$ cat entry28.csv   # CSV, C-alpha atoms and all ligand atoms
chain,number,residue,atom,x,y,z
A,174,ASP,CA,7.0,34.9,-41.5
A,175,ALA,CA,6.9,31.2,-40.4
A,176,GLY,CA,3.1,31.2,-40.1
A,177,ALA,CA,2.6,32.1,-43.7
A,178,TYR,CA,5.1,29.4,-44.9
A,179,GLU,CA,3.4,26.8,-42.7
A,180,ALA,CA,0.0,27.7,-44.2
A,181,VAL,CA,1.3,27.2,-47.7
A,182,PHE,CA,2.8,23.8,-46.7
A,183,ASP,CA,-0.5,22.8,-45.0
A,184,ALA,CA,-2.5,23.8,-48.1
A,185,ALA,CA,-0.2,21.8,-50.4
A,186,LEU,CA,-0.7,18.7,-48.2
A,187,ALA,CA,-4.5,19.3,-48.1
A,188,ALA,CA,-4.6,19.5,-51.9
A,189,ASP,CA,-2.5,16.4,-52.2
A,190,GLU,CA,0.2,18.3,-53.9
A,191,ARG,CA,3.9,17.2,-53.7
A,192,ILE,CA,6.4,19.0,-51.5
A,193,GLU,CA,9.6,19.6,-53.4
A,194,PRO,CA,13.2,20.1,-52.1
A,195,ARG,CA,13.1,23.9,-52.4
A,196,ASP,CA,9.7,24.3,-50.7
A,197,TRP,CA,9.5,25.4,-47.1
A,198,MET,CA,8.8,22.5,-44.8
A,199,PRO,CA,8.7,22.0,-41.0
A,200,ASP,CA,12.0,20.8,-39.5
A,201,ALA,CA,10.2,17.8,-38.0
A,202,TYR,CA,8.8,16.8,-41.4
A,203,ARG,CA,12.3,17.0,-42.9
A,204,ALA,CA,13.8,15.1,-40.0
A,205,SER,CA,11.2,12.3,-40.2
A,206,LEU,CA,11.7,11.9,-43.9
A,207,VAL,CA,15.5,11.7,-43.5
A,208,ARG,CA,14.9,9.1,-40.8
A,209,GLN,CA,12.6,6.9,-42.9
A,210,MET,CA,14.4,7.3,-46.2
A,211,ALA,CA,17.8,6.6,-44.7
A,212,GLN,CA,16.5,3.5,-43.0
A,213,HIS,CA,14.9,2.5,-46.3
A,214,ALA,CA,18.2,3.1,-48.3
A,215,HIS,CA,20.3,1.3,-45.7
A,216,SER,CA,17.8,-1.7,-45.9
A,217,GLU,CA,18.3,-1.9,-49.7
A,218,ILE,CA,22.1,-2.2,-49.5
A,219,ILE,CA,22.2,-4.4,-46.3
A,220,GLY,CA,19.6,-6.5,-48.0
A,221,MET,CA,22.1,-7.4,-50.7
A,222,GLN,CA,24.0,-9.5,-48.3
A,223,PRO,CA,21.6,-12.4,-47.5
A,224,GLU,CA,21.0,-13.1,-51.1
A,225,ALA,CA,24.5,-12.5,-52.3
A,226,ASN,CA,25.4,-15.4,-50.0
A,227,TRP,CA,24.0,-17.7,-52.6
A,228,ILE,CA,25.4,-16.3,-55.9
A,229,THR,CA,28.3,-18.6,-56.0
A,230,ARG,CA,26.2,-21.6,-55.2
A,231,ALA,CA,23.1,-21.0,-57.4
A,232,PRO,CA,22.0,-24.3,-58.9
A,233,SER,CA,22.3,-23.3,-62.6
A,234,LEU,CA,23.7,-20.5,-64.8
A,235,ARG,CA,20.2,-19.2,-65.3
A,236,ARG,CA,19.5,-18.9,-61.6
A,237,LYS,CA,22.9,-17.3,-61.0
A,238,ALA,CA,22.3,-14.7,-63.7
A,239,ILE,CA,18.8,-13.9,-62.3
A,240,LEU,CA,20.1,-13.6,-58.7
A,241,MET,CA,23.1,-11.4,-59.7
A,242,ALA,CA,20.7,-9.1,-61.5
A,243,LYS,CA,18.4,-8.9,-58.5
A,244,VAL,CA,21.2,-8.1,-56.0
A,245,GLN,CA,22.4,-5.5,-58.4
A,246,ASP,CA,18.9,-4.0,-58.6
A,247,GLU,CA,19.0,-3.6,-54.8
A,248,ALA,CA,22.2,-1.6,-55.0
A,249,GLY,CA,20.4,0.6,-57.5
A,250,HIS,CA,17.4,1.1,-55.2
A,251,GLY,CA,19.9,2.2,-52.5
A,252,LEU,CA,21.3,4.7,-54.9
A,253,TYR,CA,17.9,6.2,-55.8
A,254,LEU,CA,17.0,6.5,-52.1
A,255,TYR,CA,20.3,8.0,-51.0
A,256,SER,CA,20.0,10.5,-53.8
A,257,ALA,CA,16.4,11.3,-52.8
A,258,ALA,CA,17.5,11.7,-49.1
A,259,GLU,CA,20.3,14.1,-50.2
A,260,THR,CA,17.7,16.5,-51.6
A,261,LEU,CA,16.8,17.1,-47.9
A,262,GLY,CA,20.2,18.5,-47.2
A,263,THR,CA,22.0,15.5,-45.8
A,264,SER,CA,25.1,14.0,-47.5
A,265,ARG,CA,25.4,10.3,-48.4
A,266,ASP,CA,28.6,10.1,-46.4
A,267,GLU,CA,26.8,11.3,-43.3
A,268,LEU,CA,24.0,8.7,-43.8
A,269,LEU,CA,26.5,5.9,-44.4
A,270,ASP,CA,28.5,6.9,-41.3
A,271,LYS,CA,25.3,6.8,-39.2
A,272,LEU,CA,24.6,3.3,-40.5
A,273,HIS,CA,28.1,2.1,-39.8
A,274,THR,CA,28.1,3.4,-36.3
A,275,GLY,CA,24.6,2.0,-35.5
A,276,ARG,CA,22.9,5.5,-35.2
A,277,GLN,CA,20.5,4.7,-38.0
A,278,LYS,CA,18.5,1.5,-38.5
A,279,TYR,CA,17.9,-0.8,-41.4
A,280,SER,CA,15.0,-3.3,-41.7
A,281,SER,CA,14.9,-6.1,-39.1
A,282,ILE,CA,14.4,-8.7,-41.8
A,283,PHE,CA,18.0,-8.6,-43.1
A,284,ASN,CA,19.3,-9.9,-39.7
A,285,TYR,CA,18.1,-13.4,-40.5
A,286,PRO,CA,20.4,-16.0,-42.2
A,287,THR,CA,19.9,-17.5,-45.6
A,288,LEU,CA,20.5,-21.2,-44.8
A,289,THR,CA,19.5,-22.9,-48.0
A,290,TRP,CA,18.9,-22.1,-51.7
A,291,ALA,CA,15.1,-22.1,-51.0
A,292,ASP,CA,15.7,-19.0,-48.9
A,293,VAL,CA,16.4,-17.0,-52.1
A,294,GLY,CA,12.9,-18.0,-53.2
A,295,ALA,CA,11.3,-17.2,-49.8
A,296,ILE,CA,12.9,-13.8,-49.7
A,297,GLY,CA,11.6,-13.0,-53.2
A,298,TRP,CA,8.1,-14.2,-52.5
A,299,LEU,CA,7.7,-12.9,-48.9
A,300,VAL,CA,10.3,-10.2,-48.3
A,301,ASP,CA,9.8,-8.5,-51.7
A,302,GLY,CA,6.1,-9.1,-51.4
A,303,ALA,CA,6.0,-7.4,-48.1
A,304,ALA,CA,8.2,-4.6,-49.4
A,305,ILE,CA,5.8,-4.0,-52.4
A,306,THR,CA,2.7,-4.0,-50.1
A,307,ASN,CA,4.4,-1.3,-48.0
A,308,GLN,CA,5.9,0.7,-50.8
A,309,VAL,CA,3.2,1.0,-53.4
A,310,PRO,CA,1.4,3.5,-51.2
A,311,LEU,CA,4.7,5.4,-50.8
A,312,CYS,CA,4.5,6.2,-54.5
A,313,ARG,CA,1.8,8.7,-53.3
A,314,CYS,CA,4.0,10.0,-50.5
A,315,SER,CA,3.8,13.8,-50.1
A,316,TYR,CA,7.6,14.3,-50.6
A,317,GLY,CA,8.2,14.4,-54.4
A,318,PRO,CA,11.7,12.9,-54.7
A,319,TYR,CA,10.8,9.9,-52.4
A,320,ALA,CA,7.5,9.3,-54.2
A,321,ARG,CA,9.2,9.3,-57.6
A,322,ALA,CA,12.0,7.0,-56.5
A,323,MET,CA,9.3,4.6,-55.2
A,324,VAL,CA,7.6,4.3,-58.6
A,325,ARG,CA,10.6,2.8,-60.3
A,326,ILE,CA,11.6,0.7,-57.2
A,327,CYS,CA,8.1,-0.9,-57.0
A,328,LYS,CA,8.2,-2.0,-60.7
A,329,GLU,CA,11.5,-3.8,-60.0
A,330,GLU,CA,10.3,-5.2,-56.7
A,331,SER,CA,7.3,-6.8,-58.3
A,332,PHE,CA,9.6,-8.5,-60.8
A,333,HIS,CA,11.7,-9.7,-57.9
A,334,GLN,CA,8.6,-11.0,-56.1
A,335,ARG,CA,7.6,-13.1,-59.2
A,336,GLN,CA,11.1,-14.4,-59.4
A,337,GLY,CA,10.9,-15.7,-55.9
A,338,TYR,CA,7.5,-17.2,-56.4
A,339,GLU,CA,8.6,-19.0,-59.5
A,340,LEU,CA,11.7,-20.3,-57.8
A,341,LEU,CA,9.7,-21.6,-54.8
A,342,LEU,CA,7.1,-23.2,-57.2
A,343,ALA,CA,9.9,-25.1,-59.0
A,344,LEU,CA,11.1,-26.4,-55.6
A,345,SER,CA,7.7,-27.1,-54.3
A,346,LYS,CA,6.8,-29.2,-57.3
A,347,GLY,CA,10.2,-30.9,-57.4
A,348,THR,CA,11.5,-33.8,-55.4
A,349,GLU,CA,10.3,-34.5,-51.9
A,350,ALA,CA,13.6,-33.1,-50.5
A,351,GLN,CA,13.2,-29.9,-52.6
A,352,HIS,CA,9.6,-29.5,-51.4
A,353,ALA,CA,10.7,-29.9,-47.8
A,354,MET,CA,13.4,-27.3,-48.4
A,355,ALA,CA,10.9,-24.8,-49.7
A,356,GLN,CA,8.6,-25.4,-46.8
A,357,ASP,CA,11.4,-25.0,-44.3
A,358,ALA,CA,12.3,-21.6,-45.8
A,359,VAL,CA,8.7,-20.4,-45.7
A,360,ASP,CA,8.5,-21.6,-42.1
A,361,ARG,CA,11.5,-19.5,-41.1
A,362,TRP,CA,10.7,-16.3,-43.2
A,363,TRP,CA,7.0,-16.0,-42.6
A,364,TRP,CA,7.0,-14.4,-39.1
A,365,PRO,CA,10.0,-12.1,-39.7
A,366,SER,CA,8.2,-10.9,-42.9
A,367,LEU,CA,5.2,-9.8,-40.9
A,368,MET,CA,7.5,-7.9,-38.6
A,369,MET,CA,8.7,-5.8,-41.5
A,370,PHE,CA,5.6,-3.7,-41.3
A,371,GLY,CA,6.7,-2.3,-38.0
A,372,PRO,CA,5.2,-2.4,-34.5
A,373,PRO,CA,1.4,-2.7,-34.0
A,374,ASP,CA,-0.5,0.6,-34.5
A,375,ASP,CA,-0.9,1.3,-30.8
A,376,ALA,CA,2.9,1.0,-30.3
A,377,SER,CA,3.9,2.9,-33.5
A,378,ALA,CA,5.6,6.1,-32.4
A,379,HIS,CA,5.6,7.8,-35.8
A,380,SER,CA,2.5,6.6,-37.6
A,381,ALA,CA,0.0,9.3,-36.6
A,382,GLN,CA,2.3,12.2,-37.5
A,383,SER,CA,3.5,10.5,-40.7
A,384,MET,CA,0.0,9.9,-41.8
A,385,ALA,CA,-1.0,13.5,-41.1
A,386,TRP,CA,1.9,14.6,-43.2
A,387,LYS,CA,0.9,12.0,-45.9
A,388,ILE,CA,4.3,10.3,-45.8
A,389,LYS,CA,2.5,7.1,-44.8
A,390,ARG,CA,-0.9,6.5,-46.3
A,391,HIS,CA,-1.9,3.4,-44.3
A,392,SER,CA,-1.0,2.2,-40.8
A,393,ASN,CA,1.4,-0.7,-40.1
A,394,ASP,CA,-1.4,-3.1,-39.1
A,395,GLU,CA,-3.5,-2.2,-42.2
A,396,LEU,CA,-0.6,-3.1,-44.5
A,397,ARG,CA,0.3,-6.2,-42.6
A,398,GLN,CA,-3.3,-7.4,-42.9
A,399,ARG,CA,-3.3,-6.7,-46.6
A,400,PHE,CA,-0.1,-8.7,-47.0
A,401,VAL,CA,-1.5,-11.7,-45.1
A,402,ASP,CA,-4.7,-11.7,-47.2
A,403,ILE,CA,-2.5,-11.6,-50.4
A,404,CYS,CA,-0.2,-14.4,-49.3
A,405,VAL,CA,-2.8,-17.0,-48.2
A,406,PRO,CA,-4.1,-17.9,-51.7
A,407,GLN,CA,-0.5,-17.7,-53.1
A,408,ALA,CA,0.7,-20.2,-50.5
A,409,GLU,CA,-2.1,-22.5,-51.6
A,410,SER,CA,-1.1,-22.3,-55.3
A,411,LEU,CA,2.5,-22.9,-54.3
A,412,GLY,CA,1.4,-26.0,-52.4
A,413,LEU,CA,3.1,-24.7,-49.2
A,414,THR,CA,1.7,-24.0,-45.7
A,415,LEU,CA,2.1,-20.8,-43.8
A,416,PRO,CA,3.3,-21.7,-40.3
A,417,ASP,CA,0.4,-20.3,-38.3
A,418,PRO,CA,-2.2,-22.6,-36.8
A,419,ASP,CA,-4.4,-19.6,-36.0
A,420,LEU,CA,-4.6,-18.4,-39.6
A,421,ARG,CA,-8.2,-18.6,-40.9
A,422,TRP,CA,-10.7,-16.6,-42.9
A,423,ASN,CA,-12.9,-14.3,-40.9
A,424,GLU,CA,-16.2,-13.9,-42.8
A,425,GLU,CA,-17.3,-11.0,-40.7
A,426,ARG,CA,-14.1,-8.9,-41.1
A,427,GLY,CA,-13.6,-10.0,-44.7
A,428,HIS,CA,-9.9,-10.7,-43.7
A,429,HIS,CA,-7.8,-13.5,-42.4
A,430,ASP,CA,-7.3,-13.7,-38.7
A,431,PHE,CA,-3.7,-14.6,-37.8
A,432,GLY,CA,-1.7,-15.6,-34.7
A,433,ALA,CA,0.2,-13.3,-32.3
A,434,ILE,CA,3.5,-11.9,-33.5
A,435,ASP,CA,6.5,-12.3,-31.2
A,436,TRP,CA,7.2,-8.6,-30.6
A,437,ASN,CA,9.9,-9.6,-28.2
A,438,GLU,CA,11.9,-11.1,-31.0
A,439,PHE,CA,11.4,-8.0,-33.1
A,440,HIS,CA,12.7,-5.7,-30.3
A,441,GLU,CA,15.7,-8.0,-29.7
A,442,VAL,CA,16.6,-7.8,-33.4
A,443,LEU,CA,16.2,-4.0,-33.4
A,444,ARG,CA,18.5,-3.9,-30.3
A,445,GLY,CA,21.2,-5.6,-32.3
A,446,ASN,CA,20.6,-9.1,-31.0
A,447,GLY,CA,19.2,-10.8,-34.1
A,448,PRO,CA,21.1,-13.9,-35.5
A,449,CYS,CA,23.1,-11.8,-38.1
A,450,ASN,CA,23.2,-8.2,-36.9
A,451,ALA,CA,26.9,-8.2,-36.1
A,452,GLN,CA,27.9,-10.0,-39.3
A,453,ARG,CA,25.8,-7.6,-41.5
A,454,ILE,CA,27.3,-4.5,-40.1
A,455,SER,CA,30.9,-5.7,-40.1
A,456,GLN,CA,30.6,-6.9,-43.7
A,457,ARG,CA,29.1,-3.5,-44.6
A,458,ARG,CA,32.0,-1.6,-43.0
A,459,ARG,CA,34.5,-3.8,-44.6
A,460,ALA,CA,33.0,-3.3,-48.1
A,461,HIS,CA,33.0,0.4,-47.4
A,462,GLU,CA,36.6,0.5,-46.4
A,463,GLU,CA,37.7,-1.7,-49.3
A,464,GLY,CA,35.8,0.6,-51.7
A,465,ALA,CA,37.6,3.7,-50.4
A,466,TRP,CA,40.0,3.7,-53.4
A,467,VAL,CA,37.1,3.7,-55.8
A,468,ARG,CA,35.6,6.7,-54.2
A,469,GLU,CA,38.9,8.5,-54.2
A,470,ALA,CA,39.6,7.7,-57.8
A,471,ALA,CA,36.1,8.8,-58.8
A,472,ALA,CA,36.6,12.1,-56.9
A,473,ALA,CA,40.1,12.7,-58.5
A,474,TYR,CA,38.7,12.0,-61.9
A,475,ALA,CA,35.8,14.3,-61.4
A,476,ALA,CA,38.1,17.1,-60.2
A,477,LYS,CA,40.4,16.6,-63.2
A,478,HIS,CA,37.6,16.5,-65.7
A,479,GLY,CA,36.1,19.6,-64.1
A,480,GLU,CA,39.4,21.5,-64.6
A,481,GLU,CA,39.6,20.4,-68.3
A,482,GLN,CA,36.2,21.7,-69.0
A,483,SER,CA,36.7,25.1,-67.3
A,501,LIG,N1,12.9,-3.0,-38.9
A,501,LIG,O1,6.8,4.3,-35.4
A,501,LIG,P1,7.1,3.2,-36.3
A,501,LIG,C1,13.5,-3.6,-48.8
A,501,LIG,C2,11.4,1.2,-36.3
A,501,LIG,S1,12.1,-3.6,-47.8
A,501,LIG,C3,13.7,-2.0,-38.3
A,501,LIG,O2,6.0,2.3,-36.8
A,501,LIG,P2,7.5,4.2,-39.0
A,501,LIG,C4,13.4,-4.3,-50.1
A,501,LIG,C5,11.1,2.5,-36.8
A,501,LIG,O3,12.1,3.0,-37.7
A,501,LIG,C6,12.6,-3.0,-46.2
A,501,LIG,N2,13.1,-1.0,-37.6
A,501,LIG,O4,8.0,3.7,-37.5
A,501,LIG,C7,14.4,-5.4,-50.3
A,501,LIG,C8,11.1,3.4,-35.6
A,501,LIG,O5,12.4,3.6,-35.1
A,501,LIG,P3,13.1,5.1,-35.1
A,501,LIG,C9,12.8,-1.5,-46.1
A,501,LIG,C10,11.8,-0.8,-37.7
A,501,LIG,O6,8.7,4.8,-39.6
A,501,LIG,C11,14.0,-6.7,-50.4
A,501,LIG,C12,10.4,2.4,-34.6
A,501,LIG,O7,10.7,1.1,-35.1
A,501,LIG,N3,11.6,-0.8,-46.3
A,501,LIG,O8,14.5,-3.2,-48.3
A,501,LIG,C13,11.0,-1.7,-38.4
A,501,LIG,O9,6.3,5.1,-38.8
A,501,LIG,C14,14.9,-7.7,-50.6
A,501,LIG,C15,9.0,2.7,-34.4
A,501,LIG,O10,8.2,2.3,-35.6
A,501,LIG,C16,11.3,0.4,-45.8
A,501,LIG,O11,12.1,0.9,-45.0
A,501,LIG,C17,11.6,-2.8,-39.0
A,501,LIG,N4,10.9,-3.8,-39.6
A,501,LIG,O12,7.1,2.9,-39.7
A,501,LIG,C18,15.8,-5.1,-50.4
A,501,LIG,C19,10.0,1.0,-46.2
A,501,LIG,N5,9.7,-1.3,-38.2
A,501,LIG,O13,13.2,5.5,-36.5
A,501,LIG,C20,16.7,-6.2,-50.5
A,501,LIG,C21,9.9,2.5,-45.7
A,501,LIG,C22,9.7,-0.2,-37.5
A,501,LIG,O14,12.2,5.9,-34.3
A,501,LIG,C23,16.3,-7.5,-50.6
A,501,LIG,N6,9.6,2.6,-44.3
A,501,LIG,N7,11.0,0.1,-37.1
A,501,LIG,O15,14.5,4.8,-34.5
A,501,LIG,C24,8.4,2.6,-43.7
A,501,LIG,O16,7.4,2.4,-44.4
A,501,LIG,C25,8.3,2.8,-42.3
A,501,LIG,O17,9.5,3.4,-41.8
A,501,LIG,C26,8.0,1.5,-41.4
A,501,LIG,C27,8.0,1.8,-40.0
A,501,LIG,C28,6.6,0.9,-41.8
A,501,LIG,C29,9.1,0.4,-41.7

$ encode --input "entry28.csv" --output "structure tokens"
Amino acid sequence: DAGAYEAVFDAALAADERIEPRDWMPDAYRASLVRQMAQHAHSEIIGMQPEANWITRAPSLRRKAILMAKVQDEAGHGLYLYSAAETLGTSRDELLDKLHTGRQKYSSIFNYPTLTWADVGAIGWLVDGAAITNQVPLCRCSYGPYARAMVRICKEESFHQRQGYELLLALSKGTEAQHAMAQDAVDRWWWPSLMMFGPPDDASAHSAQSMAWKIKRHSNDELRQRFVDICVPQAESLGLTLPDPDLRWNEERGHHDFGAIDWNEFHEVLRGNGPCNAQRISQRRRAHEEGAWVREAAAAYAAKHGEEQS
């Protein structure tokens, strides 16, 4: 009976054991995981676009090779996450269809434009930095396939973060114009990066339940604070300023205080009104349509290969 199954599930959570695809789980747990994992997978592949914008204009062969490898890694992360989501009984086609028709979200951050080469550095430093801060605790998520996917993703993300930091450092220590370009990128990406952690705790619809289920291990505000505390000394070593006049060390709290986030901007971006929402989705749909022949060929090959083997 359902009560007995639920008791086994609750005991597994209490013992910090992993829930695996064939284990019984509450429908709402399954649905919430699909929601978060799909949003995460979509973010990885939509997140390829802002950086891909600079591949053809990278300033050297070395930078181009690094950037191509990074963008390719993001596609790989998408694949791990779609595969992990499929273990919950949804198909990749269904998830992609929901992305393309606006029924599932992707991270707000990827609706901002990459205006200069320095944006590639700012994305690596800040966006990948925020992603790692959020995702390291997800390696201990209660759902096994998601947790295991996150281990590998986090290793790659931390490499990406250093890549961005090193790029920004080169610009910051370069000519006056290069330094100004780096500063401008940080000015534009700082606040949207803080929004990646989601709404404040008192406005976060899913946090309490997700924490009880041990999907999330820390609240949105806790992780945001952790990220700010990490970034302040890094900005100093970079020789760049974070665009927040209210940012200062609070001895009592043992953390940095920071200024108010413009949640109105966040909600507008979620509603589809960010600077690049329309462009991102139409580009994604076009890529999907143009790739139809590849999927068809792969399916035909698999069918033929299967016949030969049987
Ligand atoms: N953007 O109740 P909560 C990357 C939605 S990193 C858009 O607090 P929750 C790496 C939320 O879904 C980016 N929507 O939700 C990379 C919910 O809406 P719903 C991806 C947001 O789930 C770098 C509503 O607001 N990382 O891709 C955002 O407890 C460079 C209420 O919010 C992940 O997805 C947002 N920023 O906490 C790739 C990490 N924030 O679903 C390429 C996994 C909130 O009811 C290049 N996800 N919403 O319609 C998570 O940890 C969580 O889902 C949070 C949100 C923390 C994002």

$ residues_near_ligand --input "entry28.csv" --ligand "ligand LIG 501 (chain A)" --cutoff "6 Å" --atoms "only C-alpha atoms and all ligand atoms" --output "short mmCIF file (atom, residue, chain, number, x, y, z; two decimals) with C-alpha atoms, keeping the file's coordinate frame"
data_model
loop_
_atom_site.label_atom_id
_atom_site.label_comp_id
_atom_site.auth_asym_id
_atom_site.auth_seq_id
_atom_site.Cartn_x
_atom_site.Cartn_y
_atom_site.Cartn_z
CA ARG A 208 14.90 9.10 -40.80
CA GLN A 209 12.60 6.90 -42.90
CA GLN A 212 16.50 3.50 -43.00
CA HIS A 213 14.90 2.50 -46.30
CA SER A 216 17.80 -1.70 -45.90
CA GLU A 217 18.30 -1.90 -49.70
CA GLY A 220 19.60 -6.50 -48.00
CA MET A 221 22.10 -7.40 -50.70
CA GLU A 247 19.00 -3.60 -54.80
CA LYS A 278 18.50 1.50 -38.50
CA TYR A 279 17.90 -0.80 -41.40
CA SER A 280 15.00 -3.30 -41.70
CA SER A 281 14.90 -6.10 -39.10
CA VAL A 300 10.30 -10.20 -48.30
CA ASP A 301 9.80 -8.50 -51.70
CA ALA A 304 8.20 -4.60 -49.40
CA ASN A 307 4.40 -1.30 -48.00
CA MET A 368 7.50 -7.90 -38.60
CA MET A 369 8.70 -5.80 -41.50
CA PHE A 370 5.60 -3.70 -41.30
CA GLY A 371 6.70 -2.30 -38.00
CA PRO A 372 5.20 -2.40 -34.50
CA SER A 377 3.90 2.90 -33.50
CA ALA A 378 5.60 6.10 -32.40
CA HIS A 379 5.60 7.80 -35.80
CA SER A 380 2.50 6.60 -37.60
CA ASN A 393 1.40 -0.70 -40.10
CA LEU A 443 16.20 -4.00 -33.40
#

$ closest_residue --input "entry28.csv" --among "A:Phe439, A:Tyr253, A:Trp227, A:Tyr316" --to "Pro373 in chain A" --atoms "all atoms listed in the file"
A:Phe439

$ residues_around --input "entry28.csv" --residues "Gln407 in chain A" --least-positions-apart "6" --cutoff "12 Å" --atoms "only C-alpha atoms" --output "ChimeraX atom specification"
/A:298-299,302,334-335,337-339,341-342,400-401,413-415

$ write_last_selection --input "entry28.csv" --atoms "C-alpha atoms" --output "PDB file, keeping the file's coordinate frame"
ATOM      1  CA  TRP A 298       8.100 -14.200 -52.500  1.00  0.00           C
ATOM      2  CA  LEU A 299       7.700 -12.900 -48.900  1.00  0.00           C
ATOM      3  CA  GLY A 302       6.100  -9.100 -51.400  1.00  0.00           C
ATOM      4  CA  GLN A 334       8.600 -11.000 -56.100  1.00  0.00           C
ATOM      5  CA  ARG A 335       7.600 -13.100 -59.200  1.00  0.00           C
ATOM      6  CA  GLY A 337      10.900 -15.700 -55.900  1.00  0.00           C
ATOM      7  CA  TYR A 338       7.500 -17.200 -56.400  1.00  0.00           C
ATOM      8  CA  GLU A 339       8.600 -19.000 -59.500  1.00  0.00           C
ATOM      9  CA  LEU A 341       9.700 -21.600 -54.800  1.00  0.00           C
ATOM     10  CA  LEU A 342       7.100 -23.200 -57.200  1.00  0.00           C
ATOM     11  CA  PHE A 400      -0.100  -8.700 -47.000  1.00  0.00           C
ATOM     12  CA  VAL A 401      -1.500 -11.700 -45.100  1.00  0.00           C
ATOM     13  CA  LEU A 413       3.100 -24.700 -49.200  1.00  0.00           C
ATOM     14  CA  THR A 414       1.700 -24.000 -45.700  1.00  0.00           C
ATOM     15  CA  LEU A 415       2.100 -20.800 -43.800  1.00  0.00           C
TER      16      LEU A 415
END

$ residues_around --input "entry28.csv" --residues "Ser392 in chain A" --least-positions-apart "2" --cutoff "12 Å" --atoms "only C-alpha atoms" --output "PyMOL selection string"
chain A and resi 306-307+310-311+370-385+387-390+394-399

$ closest_residue --input "entry28.csv" --among "A:Thr289, A:Gln452, A:Val244, A:Phe431" --to "Pro232 in chain A" --atoms "all atoms listed in the file"
A:Thr289

$ closest_residue --input "entry28.csv" --among "A:Trp363, A:Ala291, A:Tyr202, A:Arg313" --to "Gln351 in chain A" --atoms "all atoms listed in the file"
A:Ala291

$ atom_distance --input "entry28.csv" --atom1 "CA of Leu206 in chain A" --atom2 "CA of His273 in chain A"
19.5 Å

$ residues_near_point --input "entry28.csv" --point "(17.9, -13.8, -39.5)" --cutoff "7 Å" --atoms "all atoms listed in the file" --output "list in words"
Ile282, Phe283, Asn284, Tyr285, Pro286, Gly447, Pro448 and Cys449 of chain A

$ closest_residue --input "entry28.csv" --among "A:Cys327, A:Val293, A:Ala258, A:Ile434" --to "Leu340 in chain A" --atoms "all atoms listed in the file"
A:Val293

$ atom_distance --input "entry28.csv" --atom1 "CA of Trp436 in chain A" --atom2 "CA of Cys404 in chain A"
20.9 Å

$ build_atoms --input "entry28.csv" --residues "range 268-281 of chain A" --atoms "N, CA and C atoms" --output "compact mmCIF listing (two decimals), keeping the file's coordinate frame"
# COMPACT_ATOMS: atom_id res chain seq x y z
N LEU A 268 25.01 9.81 -43.98
CA LEU A 268 24.00 8.70 -43.80
C LEU A 268 24.76 7.39 -43.60
N LEU A 269 25.76 7.15 -44.45
CA LEU A 269 26.50 5.90 -44.40
C LEU A 269 27.23 5.79 -43.02
N ASP A 270 27.77 6.93 -42.58
CA ASP A 270 28.50 6.90 -41.30
C ASP A 270 27.50 6.57 -40.17
N LYS A 271 26.29 7.07 -40.26
CA LYS A 271 25.30 6.80 -39.20
C LYS A 271 24.91 5.27 -39.25
N LEU A 272 24.86 4.71 -40.45
CA LEU A 272 24.60 3.30 -40.50
C LEU A 272 25.74 2.48 -39.91
N HIS A 273 26.96 2.87 -40.27
CA HIS A 273 28.10 2.10 -39.80
C HIS A 273 28.36 2.20 -38.33
N THR A 274 27.87 3.28 -37.72
CA THR A 274 28.10 3.40 -36.30
C THR A 274 26.80 3.12 -35.49
N GLY A 275 25.83 2.51 -36.17
CA GLY A 275 24.60 2.00 -35.50
C GLY A 275 23.68 3.14 -35.04
N ARG A 276 23.82 4.36 -35.63
CA ARG A 276 22.90 5.50 -35.20
C ARG A 276 21.68 5.53 -36.11
N GLN A 277 21.68 4.79 -37.21
CA GLN A 277 20.50 4.70 -38.00
C GLN A 277 20.19 3.20 -38.26
N LYS A 278 18.90 2.89 -38.36
CA LYS A 278 18.50 1.50 -38.50
C LYS A 278 18.42 1.04 -39.93
N TYR A 279 18.28 -0.26 -40.10
CA TYR A 279 17.90 -0.80 -41.40
C TYR A 279 16.86 -1.91 -41.02
N SER A 280 16.14 -2.44 -42.02
CA SER A 280 15.00 -3.30 -41.70
C SER A 280 15.47 -4.59 -40.95
N SER A 281 14.68 -4.91 -39.94
CA SER A 281 14.90 -6.10 -39.10
C SER A 281 15.08 -7.37 -39.93
